[in-house]
>>> print(open('query-v1.tsv').read())   # TSV, C-alpha atoms
chain	number	residue	atom	x	y	z
A	9	MET	CA	0.00	0.00	0.00
A	10	SER	CA	1.35	3.39	-0.92
A	11	GLY	CA	0.63	6.55	1.01
A	12	ALA	CA	-0.73	8.27	-2.10
A	13	ASP	CA	-4.30	9.54	-1.97
A	14	ASP	CA	-6.92	8.46	-4.50
A	15	ARG	CA	-6.55	11.65	-6.54
A	16	GLU	CA	-2.84	11.04	-7.02
A	17	LEU	CA	-3.42	7.38	-7.90
A	18	VAL	CA	-6.04	8.34	-10.47
A	19	GLY	CA	-3.55	10.75	-12.05
A	20	ARG	CA	-0.88	8.07	-12.26
A	21	ALA	CA	-3.33	5.43	-13.52
A	22	ARG	CA	-4.39	7.78	-16.31
A	23	GLU	CA	-0.78	7.95	-17.41
A	24	GLY	CA	-0.70	4.17	-17.69
A	25	ASP	CA	0.62	3.20	-14.25
A	26	ASP	CA	-0.90	-0.28	-13.72
A	27	GLN	CA	0.12	-0.40	-10.08
A	28	ALA	CA	-1.75	2.80	-9.35
A	29	PHE	CA	-4.99	1.38	-10.75
A	30	ASN	CA	-4.40	-1.89	-8.90
A	31	GLU	CA	-4.09	0.06	-5.69
A	32	LEU	CA	-7.33	1.93	-6.35
A	33	MET	CA	-8.96	-1.45	-6.86
A	34	GLU	CA	-7.42	-2.81	-3.69
A	35	ARG	CA	-8.80	0.12	-1.71
A	36	HIS	CA	-12.33	0.06	-3.03
A	37	GLN	CA	-13.10	-3.49	-4.13
A	38	ALA	CA	-14.44	-4.80	-0.81
A	39	ARG	CA	-16.82	-1.89	-0.41
A	40	VAL	CA	-18.02	-2.16	-3.99
A	41	TYR	CA	-18.58	-5.90	-3.57
A	42	SER	CA	-20.50	-5.49	-0.29
A	43	HIS	CA	-22.65	-2.83	-1.90
A	44	ALA	CA	-23.29	-5.00	-4.96
A	45	LEU	CA	-24.10	-8.02	-2.81
A	46	ARG	CA	-26.69	-6.08	-0.84
A	47	LEU	CA	-28.29	-4.67	-3.95
A	48	MET	CA	-28.27	-7.88	-5.98
A	49	GLY	CA	-28.95	-10.34	-3.17
A	50	ASN	CA	-26.63	-13.09	-4.44
A	51	PRO	CA	-22.85	-13.54	-4.81
A	52	GLN	CA	-22.82	-14.45	-8.52
A	53	ASP	CA	-24.56	-11.28	-9.65
A	54	ALA	CA	-22.59	-9.23	-7.14
A	55	GLU	CA	-19.33	-10.48	-8.64
A	56	GLU	CA	-20.47	-9.54	-12.14
A	57	VAL	CA	-21.32	-6.07	-10.89
A	58	LEU	CA	-17.92	-5.82	-9.20
A	59	GLN	CA	-16.07	-6.82	-12.38
A	60	ASP	CA	-18.08	-4.57	-14.67
A	61	THR	CA	-17.72	-1.66	-12.27
A	62	PHE	CA	-13.93	-1.78	-12.34
A	63	LEU	CA	-13.90	-2.47	-16.08
A	64	GLN	CA	-15.96	0.68	-16.61
A	65	ALA	CA	-13.70	2.62	-14.29
A	66	PHE	CA	-10.63	1.35	-16.12
A	67	ARG	CA	-12.03	2.26	-19.54
A	68	ASN	CA	-13.46	5.61	-18.52
A	69	LEU	CA	-10.80	6.90	-16.19
A	70	ALA	CA	-10.06	9.73	-18.62
A	71	ARG	CA	-13.63	10.95	-18.18
A	72	PHE	CA	-13.51	10.96	-14.40
A	73	GLU	CA	-13.97	14.50	-13.20
A	74	GLU	CA	-11.39	15.22	-10.60
A	75	ARG	CA	-13.58	17.56	-8.63
A	76	SER	CA	-15.52	14.53	-7.39
A	77	ARG	CA	-14.09	11.76	-5.24
A	78	PHE	CA	-13.03	8.47	-6.79
A	79	SER	CA	-14.96	6.58	-4.10
A	80	THR	CA	-18.17	8.43	-5.01
A	81	TRP	CA	-17.62	7.87	-8.71
A	82	ILE	CA	-16.98	4.13	-8.38
A	83	TYR	CA	-19.89	3.78	-6.01
A	84	ARG	CA	-22.14	5.43	-8.56
A	85	ILE	CA	-20.91	3.16	-11.35
A	86	ALA	CA	-21.55	0.09	-9.16
A	87	THR	CA	-25.03	1.32	-8.27
A	88	ASN	CA	-25.90	1.92	-11.91
A	89	GLU	CA	-24.53	-1.47	-12.94
A	90	ALA	CA	-26.62	-3.15	-10.26
A	91	LEU	CA	-29.77	-1.17	-11.05
A	92	MET	CA	-29.45	-1.94	-14.74
A	93	ARG	CA	-29.27	-5.67	-14.04
A	94	LEU	CA	-32.11	-5.59	-11.55
A	95	ARG	CA	-34.37	-3.75	-13.97
A	96	LYS	CA	-33.56	-6.19	-16.75
A	97	ALA	CA	-34.32	-9.21	-14.61
A	98	ARG	CA	-37.26	-7.77	-12.66
A	99	ARG	CA	-37.87	-10.39	-10.09
A	100	LYS	CA	-41.09	-12.28	-10.41
A	101	ARG	CA	-41.48	-12.88	-6.72
A	102	GLU	CA	-41.63	-9.57	-4.98
A	103	VAL	CA	-42.88	-8.70	-1.57
A	104	PHE	CA	-45.27	-5.80	-1.74
A	105	LEU	CA	-44.15	-3.55	1.00
A	106	GLU	CA	-47.48	-1.81	1.22
A	107	ASP	CA	-49.24	-5.11	1.82
A	108	HIS	CA	-46.80	-6.00	4.50
A	109	LEU	CA	-46.96	-2.60	6.10
A	110	GLY	CA	-50.71	-2.98	6.18
A	111	LEU	CA	-50.00	-5.48	8.93
A	112	ASP	CA	-47.99	-2.96	10.89
A	113	GLY	CA	-50.76	-2.24	13.35
A	114	GLU	CA	-51.35	-5.95	13.83
A	115	LEU	CA	-47.82	-6.73	14.88
A	116	PRO	CA	-48.19	-7.05	18.64
A	117	ARG	CA	-46.48	-4.27	20.51
A	118	HIS	CA	-44.80	-6.76	22.76
A	119	ALA	CA	-43.12	-8.31	19.70
A	120	ILE	CA	-41.50	-5.00	18.89
A	121	ARG	CA	-40.60	-4.44	22.53
A	122	GLU	CA	-39.00	-7.88	22.67
A	123	PHE	CA	-37.07	-7.10	19.51
A	124	VAL	CA	-35.67	-3.92	21.04
A	125	ARG	CA	-34.60	-5.84	24.13
A	126	SER	CA	-33.30	-8.80	22.14
A	127	ALA	CA	-29.66	-9.69	21.94
A	128	LEU	CA	-29.82	-10.06	18.19
A	129	ASP	CA	-26.53	-8.17	18.00
A	130	GLU	CA	-24.96	-11.10	19.79
A	131	VAL	CA	-26.13	-13.75	17.35
A	132	GLU	CA	-23.09	-15.21	15.70
A	133	ASP	CA	-21.84	-12.87	12.95
A	134	ARG	CA	-22.25	-15.17	9.99
A	135	GLU	CA	-25.79	-16.16	10.97
A	136	ARG	CA	-26.80	-12.59	11.67
A	137	MET	CA	-25.42	-11.42	8.35
A	138	LYS	CA	-27.37	-14.13	6.56
A	139	ILE	CA	-30.60	-13.14	8.29
A	140	LEU	CA	-30.06	-9.47	7.49
A	141	SER	CA	-29.06	-10.02	3.88
A	142	ASP	CA	-31.95	-12.45	3.25
A	143	LEU	CA	-34.44	-9.89	4.52
A	144	LEU	CA	-32.86	-7.15	2.47
A	145	ALA	CA	-32.98	-9.40	-0.61
A	146	GLU	CA	-36.74	-9.94	-0.28
A	147	MET	CA	-37.53	-6.24	-0.49
A	148	PRO	CA	-38.40	-4.74	-3.86
A	149	GLU	CA	-35.30	-3.20	-5.40
A	150	ASP	CA	-36.44	0.42	-5.10
A	151	TYR	CA	-36.63	0.06	-1.35
A	152	ARG	CA	-33.56	-2.11	-1.00
A	153	VAL	CA	-31.43	0.35	-2.93
A	154	ALA	CA	-32.59	3.38	-0.95
A	155	PHE	CA	-32.12	1.64	2.40
A	156	THR	CA	-28.70	0.29	1.44
A	157	MET	CA	-27.35	3.62	0.28
A	158	ARG	CA	-28.80	5.72	3.08
A	159	ASP	CA	-28.75	3.55	6.16
A	160	ILE	CA	-25.87	1.20	5.48
A	161	ASP	CA	-23.54	3.19	3.28
A	162	GLY	CA	-24.33	6.48	4.99
A	163	LEU	CA	-25.11	8.68	1.98
A	164	SER	CA	-27.33	11.68	2.63
A	165	ASN	CA	-30.93	11.74	1.43
A	166	ALA	CA	-29.92	14.30	-1.21
A	167	GLU	CA	-27.09	12.08	-2.47
A	168	VAL	CA	-29.38	9.05	-2.70
A	169	ALA	CA	-31.95	11.15	-4.55
A	170	ASP	CA	-29.27	12.29	-6.95
A	171	VAL	CA	-27.97	8.78	-7.71
A	172	LEU	CA	-31.46	7.37	-8.20
A	173	GLY	CA	-32.82	10.38	-10.05
A	174	ILE	CA	-35.76	10.78	-7.68
A	175	SER	CA	-36.87	13.48	-5.23
A	176	VAL	CA	-35.68	13.69	-1.64
A	177	ALA	CA	-39.29	13.19	-0.57
A	178	ALA	CA	-39.41	9.91	-2.52
A	179	VAL	CA	-36.18	8.77	-0.85
A	180	LYS	CA	-37.62	9.54	2.57
A	181	SER	CA	-40.78	7.65	1.78
A	182	ARG	CA	-38.87	4.56	0.58
A	183	LEU	CA	-36.62	4.72	3.61
A	184	HIS	CA	-39.47	4.99	6.03
A	185	ARG	CA	-41.24	2.00	4.55
A	186	SER	CA	-38.05	-0.05	4.33
A	187	ARG	CA	-37.13	0.62	7.93
A	188	LEU	CA	-40.56	-0.41	9.20
A	189	TYR	CA	-40.65	-3.43	6.95
A	190	LEU	CA	-37.27	-4.67	8.16
A	191	ARG	CA	-38.17	-3.88	11.75
A	192	ASP	CA	-41.38	-5.91	11.51
A	193	ARG	CA	-39.70	-8.83	9.75
A	194	LEU	CA	-36.86	-8.89	12.27
A	195	ALA	CA	-39.29	-8.68	15.18
A	196	LEU	CA	-41.31	-11.58	13.78
A	197	LEU	CA	-38.20	-13.63	13.11
A	198	TYR	CA	-36.90	-12.92	16.55
A	199	GLY	CA	-40.25	-13.97	18.01
A	200	GLU	CA	-40.15	-17.24	16.05
A	201	ARG	CA	-36.60	-17.98	17.12
A	202	ASN	CA	-37.50	-17.50	20.73
A	203	ALA	CA	-40.89	-19.17	20.74
A	204	PRO	CA	-41.16	-22.12	23.14
A	205	GLY	CA	-39.93	-25.23	21.37
A	206	ALA	CA	-38.00	-23.32	18.70
A	207	ALA	CA	-34.61	-24.83	17.90
A	208	LYS	CA	-31.82	-22.70	19.30
A	209	SER	CA	-28.65	-22.43	17.33
B	45	MET	CA	-58.00	14.60	31.09
B	46	THR	CA	-59.66	14.37	27.69
B	47	GLY	CA	-57.50	17.26	26.54
B	48	ASP	CA	-54.34	15.50	27.74
B	49	CYS	CA	-55.29	12.25	25.99
B	50	HIS	CA	-56.00	14.13	22.81
B	51	LYS	CA	-52.65	15.90	23.02
B	52	HIS	CA	-50.95	12.58	23.78
B	53	GLY	CA	-52.47	10.99	20.66
B	54	GLU	CA	-51.42	13.92	18.55
B	55	ASP	CA	-47.88	13.69	19.84
B	56	CYS	CA	-47.78	9.95	19.11
B	57	ARG	CA	-48.90	10.65	15.56
B	58	LYS	CA	-46.23	13.32	15.28
B	59	VAL	CA	-43.52	10.86	16.36
B	60	HIS	CA	-44.67	8.37	13.73
B	61	GLU	CA	-44.91	10.99	11.01
B	62	LEU	CA	-41.58	12.61	11.77
B	63	LEU	CA	-39.65	9.45	12.60
B	64	GLY	CA	-37.47	9.64	9.49
B	65	ASP	CA	-36.59	13.30	9.97
B	66	TYR	CA	-35.94	12.68	13.65
B	67	LEU	CA	-33.55	9.79	12.96
B	68	ASP	CA	-31.85	11.74	10.20
B	69	GLN	CA	-31.50	14.73	12.53
B	70	ASP	CA	-33.37	16.88	10.06
B	71	LEU	CA	-35.68	18.45	12.62
B	72	ARG	CA	-35.24	21.87	14.09
B	73	ASN	CA	-34.07	21.74	17.65
B	74	ALA	CA	-37.32	22.75	19.33
B	75	LEU	CA	-39.35	20.08	17.53
B	76	CYS	CA	-36.71	17.47	18.27
B	77	LYS	CA	-36.87	18.31	21.98
B	78	GLU	CA	-40.66	18.20	21.88
B	79	LEU	CA	-40.58	14.66	20.46
B	80	GLU	CA	-37.99	13.55	22.98
B	81	LYS	CA	-40.04	14.97	25.83
B	82	HIS	CA	-43.06	13.03	24.56
B	83	MET	CA	-41.01	9.83	24.29
B	84	ASP	CA	-39.94	10.21	27.91
B	85	ASP	CA	-43.61	9.88	28.86
B	86	CYS	CA	-44.71	7.43	26.18
B	87	PRO	CA	-43.08	3.99	26.26
B	88	ASP	CA	-44.82	2.90	23.04
B	89	CYS	CA	-43.31	5.74	21.03
B	90	ARG	CA	-39.93	5.18	22.66
B	91	VAL	CA	-40.02	1.51	21.66
B	92	HIS	CA	-41.14	2.43	18.15
B	93	VAL	CA	-38.19	4.77	17.68
B	94	ASP	CA	-35.68	2.48	19.39
B	95	SER	CA	-36.76	-0.48	17.28
B	96	VAL	CA	-36.08	1.38	14.04
B	97	LYS	CA	-32.77	2.68	15.40
B	98	LYS	CA	-31.88	-0.91	16.19
B	99	VAL	CA	-32.60	-2.05	12.64
B	100	ILE	CA	-30.28	0.62	11.27
B	101	ARG	CA	-27.56	-0.24	13.78
B	102	LEU	CA	-27.78	-3.96	13.03
B	103	TYR	CA	-27.35	-3.35	9.32
B	104	ARG	CA	-24.67	-0.73	9.70
B	105	THR	CA	-22.51	-2.98	11.85
B	106	SER	CA	-22.81	-5.98	9.56
B	107	GLU	CA	-20.48	-4.78	6.86
B	108	GLY	CA	-18.17	-7.39	5.33
B	109	ASP	CA	-14.80	-5.72	4.84
B	110	GLU	CA	-12.91	-8.54	3.14
B	111	LEU	CA	-13.24	-9.61	-0.45
B	112	PRO	CA	-13.07	-13.42	-0.87
B	113	VAL	CA	-9.73	-14.38	-2.41
B	114	ASP	CA	-11.19	-16.16	-5.46
B	115	ILE	CA	-13.29	-13.11	-6.33
B	116	ARG	CA	-10.26	-10.84	-5.92
B	117	ILE	CA	-8.20	-13.02	-8.29
B	118	ARG	CA	-10.91	-13.16	-10.95
B	119	LEU	CA	-11.26	-9.38	-10.78
B	120	GLN	CA	-7.52	-8.94	-11.31
B	121	ASP	CA	-7.72	-11.30	-14.31
B	122	VAL	CA	-10.57	-9.31	-15.85
B	123	ILE	CA	-8.63	-6.05	-15.56
B	124	ALA	CA	-5.41	-7.67	-16.84
B	125	ARG	CA	-7.30	-8.87	-19.94
B	126	ALA	CA	-8.76	-5.40	-20.49
B	127	ARG	CA	-5.27	-3.87	-20.25
B	128	LYS	CA	-3.94	-6.36	-22.76
B	129	GLU	CA	-6.79	-5.65	-25.19
B	130	GLN	CA	-6.30	-1.93	-24.80
B	131	ARG	CA	-2.56	-2.13	-25.48
B	132	GLU	CA	-3.04	-4.42	-28.47
B	133	GLY	CA	-5.56	-1.97	-29.90
B	134	GLU	CA	-3.23	1.02	-29.61
>>> encode(input="query-v1.tsv", output="C-alpha cells")
Amino acid sequence: MSGADDRELVGRAREGDDQAFNELMERHQARVYSHALRLMGNPQDAEEVLQDTFLQAFRNLARFEERSRFSTWIYRIATNEALMRLRKARRKREVFLEDHLGLDGELPRHAIREFVRSALDEVEDRERMKILSDLLAEMPEDYRVAFTMRDIDGLSNAEVADVLGISVAAVKSRLHRSRLYLRDRLALLYGERNAPGAAKS
Amino acid sequence: MTGDCHKHGEDCRKVHELLGDYLDQDLRNALCKELEKHMDDCPDCRVHVDSVKKVIRLYRTSEGDELPVDIRIRLQDVIARARKEQREGE
C-alpha cells in the first residue's frame, strides 16, 4: 500500500501506471462488492457487478472529473450497474411492502418491545449477516437500494436522490417503509426464534 | 383529562410521522426536543423509535470488509485482460 491519496493514484493510472490502478482497486473493491451483494442479493450477480464496475472505471478513467471523489464515482458506477441488471431481470417474486406494512398495526407491541430488548446483536456474525441479507434481498429493489445507500452506506438523502434520479421526498418515503418493513420482519423472526420449542442455534 | 389524551395521541402521531426526519436529525431543535419529551412519557413511542434505530444499527454494523480471495483473483484477471486488449488496440 502506498501513502498516495486516490486523486494522485487516479492521475498516475491515467498515465498508464498499472500499479496505481491496482491500488485503487485494492482500496475500493471490498466496499463495492458489499454494496453489490446487498443490492443484488446473491454472490454471482454481485461479482459480475464488481467486475463490470472496475472495467468501466478502467475504460473511462479519462472521463472521471477530478472535482468529485473516486470513491463516489466508483460507487455510482456500481449502483448503476446493479440497477441496470435488476431492472432487466425484474424479479417475479416480490414482496409488496405496502401489503406488508398494512400489517404494521397488527404486529403485537410486545413483539416490537422484545425485539428492542433482544440480543440479536450477539447472534453469531455469519448467521446474523445471513438473516439481514436475506431480509434485504426480499424487499423490492427500489426500497432495497434506498435503504442500502442511506442507512448502510451512509449517503445523505440528497445524495441518494441524486444517484437514483428521484426526489428527496421519494427517498424519505422509501426509507421509512423499508425501515418499518425490516423492523417488523426482524421482530417476527426474533419472536419465532424465541418461541417455546424453537430450535436454538 | 380528555385534553391530555388528545394531546398525547397527537404527539404519538407526530412521532410516527416525523420518525425519518428525527432519525436523520433533520428536525429543528425545538421540535426534536418536543418529540424527545413526549417519548420520555410514552413507552410505546420510545419503543417504536428504538426499534427502528436498532434495525439501522444492526445493518450498519454488519459490513463485510474482506473480499473473498477467489473473487479478488478473478477481478484482477478481468482487468489484466482489459489492459492487454487496450494495449493491443493502440
>>> interface_residues(input="query-v1.tsv", of="chain A", to="chain B", cutoff="9 Å", atoms="all atoms listed in the file", output="ChimeraX atom specification")
/A:26,30,33-34,37-39,41-42,55,58-60,62-63,66-67,117,120-121,123-125,128-129,133,136-137,140-141,156,159-162,164-165,180-181,183-184,187-188,190-191,194-195
>>> residues_around(input="query-v1.tsv", residues="region 146-155 of chain A", least_positions_apart="3", cutoff="9 Å", atoms="all atoms listed in the file", output="ChimeraX atom specification")
/A:46-49,87,91,94-95,98-99,101-105,141-143,158-161,165,168-169,172,179-180,182-187,189-190
>>> atom_distance(input="query-v1.tsv", atom1="CA of Leu32 (chain A)", atom2="CA of Met157 (chain A)")
21.2 Å
>>> residues_around(input="query-v1.tsv", residues="Lys81 (chain B)", least_positions_apart="4", cutoff="12 Å", atoms="all atoms listed in the file", output="PyMOL selection string")
chain B and resi 52+55-56+59+74-77+85-87+89-90
>>> atom_distance(input="query-v1.tsv", atom1="CA of Leu79 (chain B)", atom2="CA of His118 (chain A)")
22.0 Å
>>> closest_residue(input="query-v1.tsv", among="A:Gly11, A:Phe72, A:Ala119, A:Ala44", to="Glu56 (chain A)", atoms="all atoms listed in the file")
A:Ala44
>>> decode(input="query-v1.tsv", residues="region 73-128 of chain B", atoms="C-alpha atoms", output="PDB file, in the first residue's frame")
ATOM      1  CA  ASN B  73     -34.068  21.743  17.652  1.00  0.00           C
ATOM      2  CA  ALA B  74     -37.321  22.753  19.326  1.00  0.00           C
ATOM      3  CA  LEU B  75     -39.350  20.084  17.533  1.00  0.00           C
ATOM      4  CA  CYS B  76     -36.712  17.466  18.274  1.00  0.00           C
ATOM      5  CA  LYS B  77     -36.871  18.312  21.983  1.00  0.00           C
ATOM      6  CA  GLU B  78     -40.658  18.200  21.885  1.00  0.00           C
ATOM      7  CA  LEU B  79     -40.582  14.659  20.463  1.00  0.00           C
ATOM      8  CA  GLU B  80     -37.993  13.546  22.981  1.00  0.00           C
ATOM      9  CA  LYS B  81     -40.040  14.966  25.827  1.00  0.00           C
ATOM     10  CA  HIS B  82     -43.058  13.027  24.562  1.00  0.00           C
ATOM     11  CA  MET B  83     -41.014   9.831  24.292  1.00  0.00           C
ATOM     12  CA  ASP B  84     -39.935  10.209  27.908  1.00  0.00           C
ATOM     13  CA  ASP B  85     -43.612   9.883  28.855  1.00  0.00           C
ATOM     14  CA  CYS B  86     -44.708   7.430  26.178  1.00  0.00           C
ATOM     15  CA  PRO B  87     -43.078   3.985  26.259  1.00  0.00           C
ATOM     16  CA  ASP B  88     -44.820   2.904  23.042  1.00  0.00           C
ATOM     17  CA  CYS B  89     -43.307   5.738  21.033  1.00  0.00           C
ATOM     18  CA  ARG B  90     -39.929   5.181  22.663  1.00  0.00           C
ATOM     19  CA  VAL B  91     -40.024   1.508  21.663  1.00  0.00           C
ATOM     20  CA  HIS B  92     -41.137   2.425  18.153  1.00  0.00           C
ATOM     21  CA  VAL B  93     -38.194   4.775  17.677  1.00  0.00           C
ATOM     22  CA  ASP B  94     -35.684   2.479  19.394  1.00  0.00           C
ATOM     23  CA  SER B  95     -36.757  -0.483  17.285  1.00  0.00           C
ATOM     24  CA  VAL B  96     -36.078   1.375  14.044  1.00  0.00           C
ATOM     25  CA  LYS B  97     -32.772   2.682  15.399  1.00  0.00           C
ATOM     26  CA  LYS B  98     -31.878  -0.909  16.193  1.00  0.00           C
ATOM     27  CA  VAL B  99     -32.602  -2.049  12.637  1.00  0.00           C
ATOM     28  CA  ILE B 100     -30.276   0.615  11.270  1.00  0.00           C
ATOM     29  CA  ARG B 101     -27.558  -0.241  13.783  1.00  0.00           C
ATOM     30  CA  LEU B 102     -27.778  -3.964  13.028  1.00  0.00           C
ATOM     31  CA  TYR B 103     -27.352  -3.347   9.323  1.00  0.00           C
ATOM     32  CA  ARG B 104     -24.666  -0.730   9.700  1.00  0.00           C
ATOM     33  CA  THR B 105     -22.507  -2.976  11.847  1.00  0.00           C
ATOM     34  CA  SER B 106     -22.812  -5.981   9.557  1.00  0.00           C
ATOM     35  CA  GLU B 107     -20.476  -4.775   6.858  1.00  0.00           C
ATOM     36  CA  GLY B 108     -18.169  -7.385   5.327  1.00  0.00           C
ATOM     37  CA  ASP B 109     -14.798  -5.717   4.841  1.00  0.00           C
ATOM     38  CA  GLU B 110     -12.911  -8.537   3.143  1.00  0.00           C
ATOM     39  CA  LEU B 111     -13.238  -9.606  -0.450  1.00  0.00           C
ATOM     40  CA  PRO B 112     -13.071 -13.416  -0.865  1.00  0.00           C
ATOM     41  CA  VAL B 113      -9.728 -14.381  -2.410  1.00  0.00           C
ATOM     42  CA  ASP B 114     -11.190 -16.156  -5.463  1.00  0.00           C
ATOM     43  CA  ILE B 115     -13.287 -13.113  -6.330  1.00  0.00           C
ATOM     44  CA  ARG B 116     -10.261 -10.844  -5.919  1.00  0.00           C
ATOM     45  CA  ILE B 117      -8.200 -13.018  -8.285  1.00  0.00           C
ATOM     46  CA  ARG B 118     -10.911 -13.156 -10.947  1.00  0.00           C
ATOM     47  CA  LEU B 119     -11.260  -9.380 -10.782  1.00  0.00           C
ATOM     48  CA  GLN B 120      -7.523  -8.941 -11.307  1.00  0.00           C
ATOM     49  CA  ASP B 121      -7.717 -11.300 -14.309  1.00  0.00           C
ATOM     50  CA  VAL B 122     -10.571  -9.313 -15.854  1.00  0.00           C
ATOM     51  CA  ILE B 123      -8.629  -6.050 -15.557  1.00  0.00           C
ATOM     52  CA  ALA B 124      -5.415  -7.672 -16.842  1.00  0.00           C
ATOM     53  CA  ARG B 125      -7.296  -8.874 -19.937  1.00  0.00           C
ATOM     54  CA  ALA B 126      -8.765  -5.402 -20.490  1.00  0.00           C
ATOM     55  CA  ARG B 127      -5.265  -3.874 -20.251  1.00  0.00           C
ATOM     56  CA  LYS B 128      -3.940  -6.358 -22.758  1.00  0.00           C
TER      57      LYS B 128
END
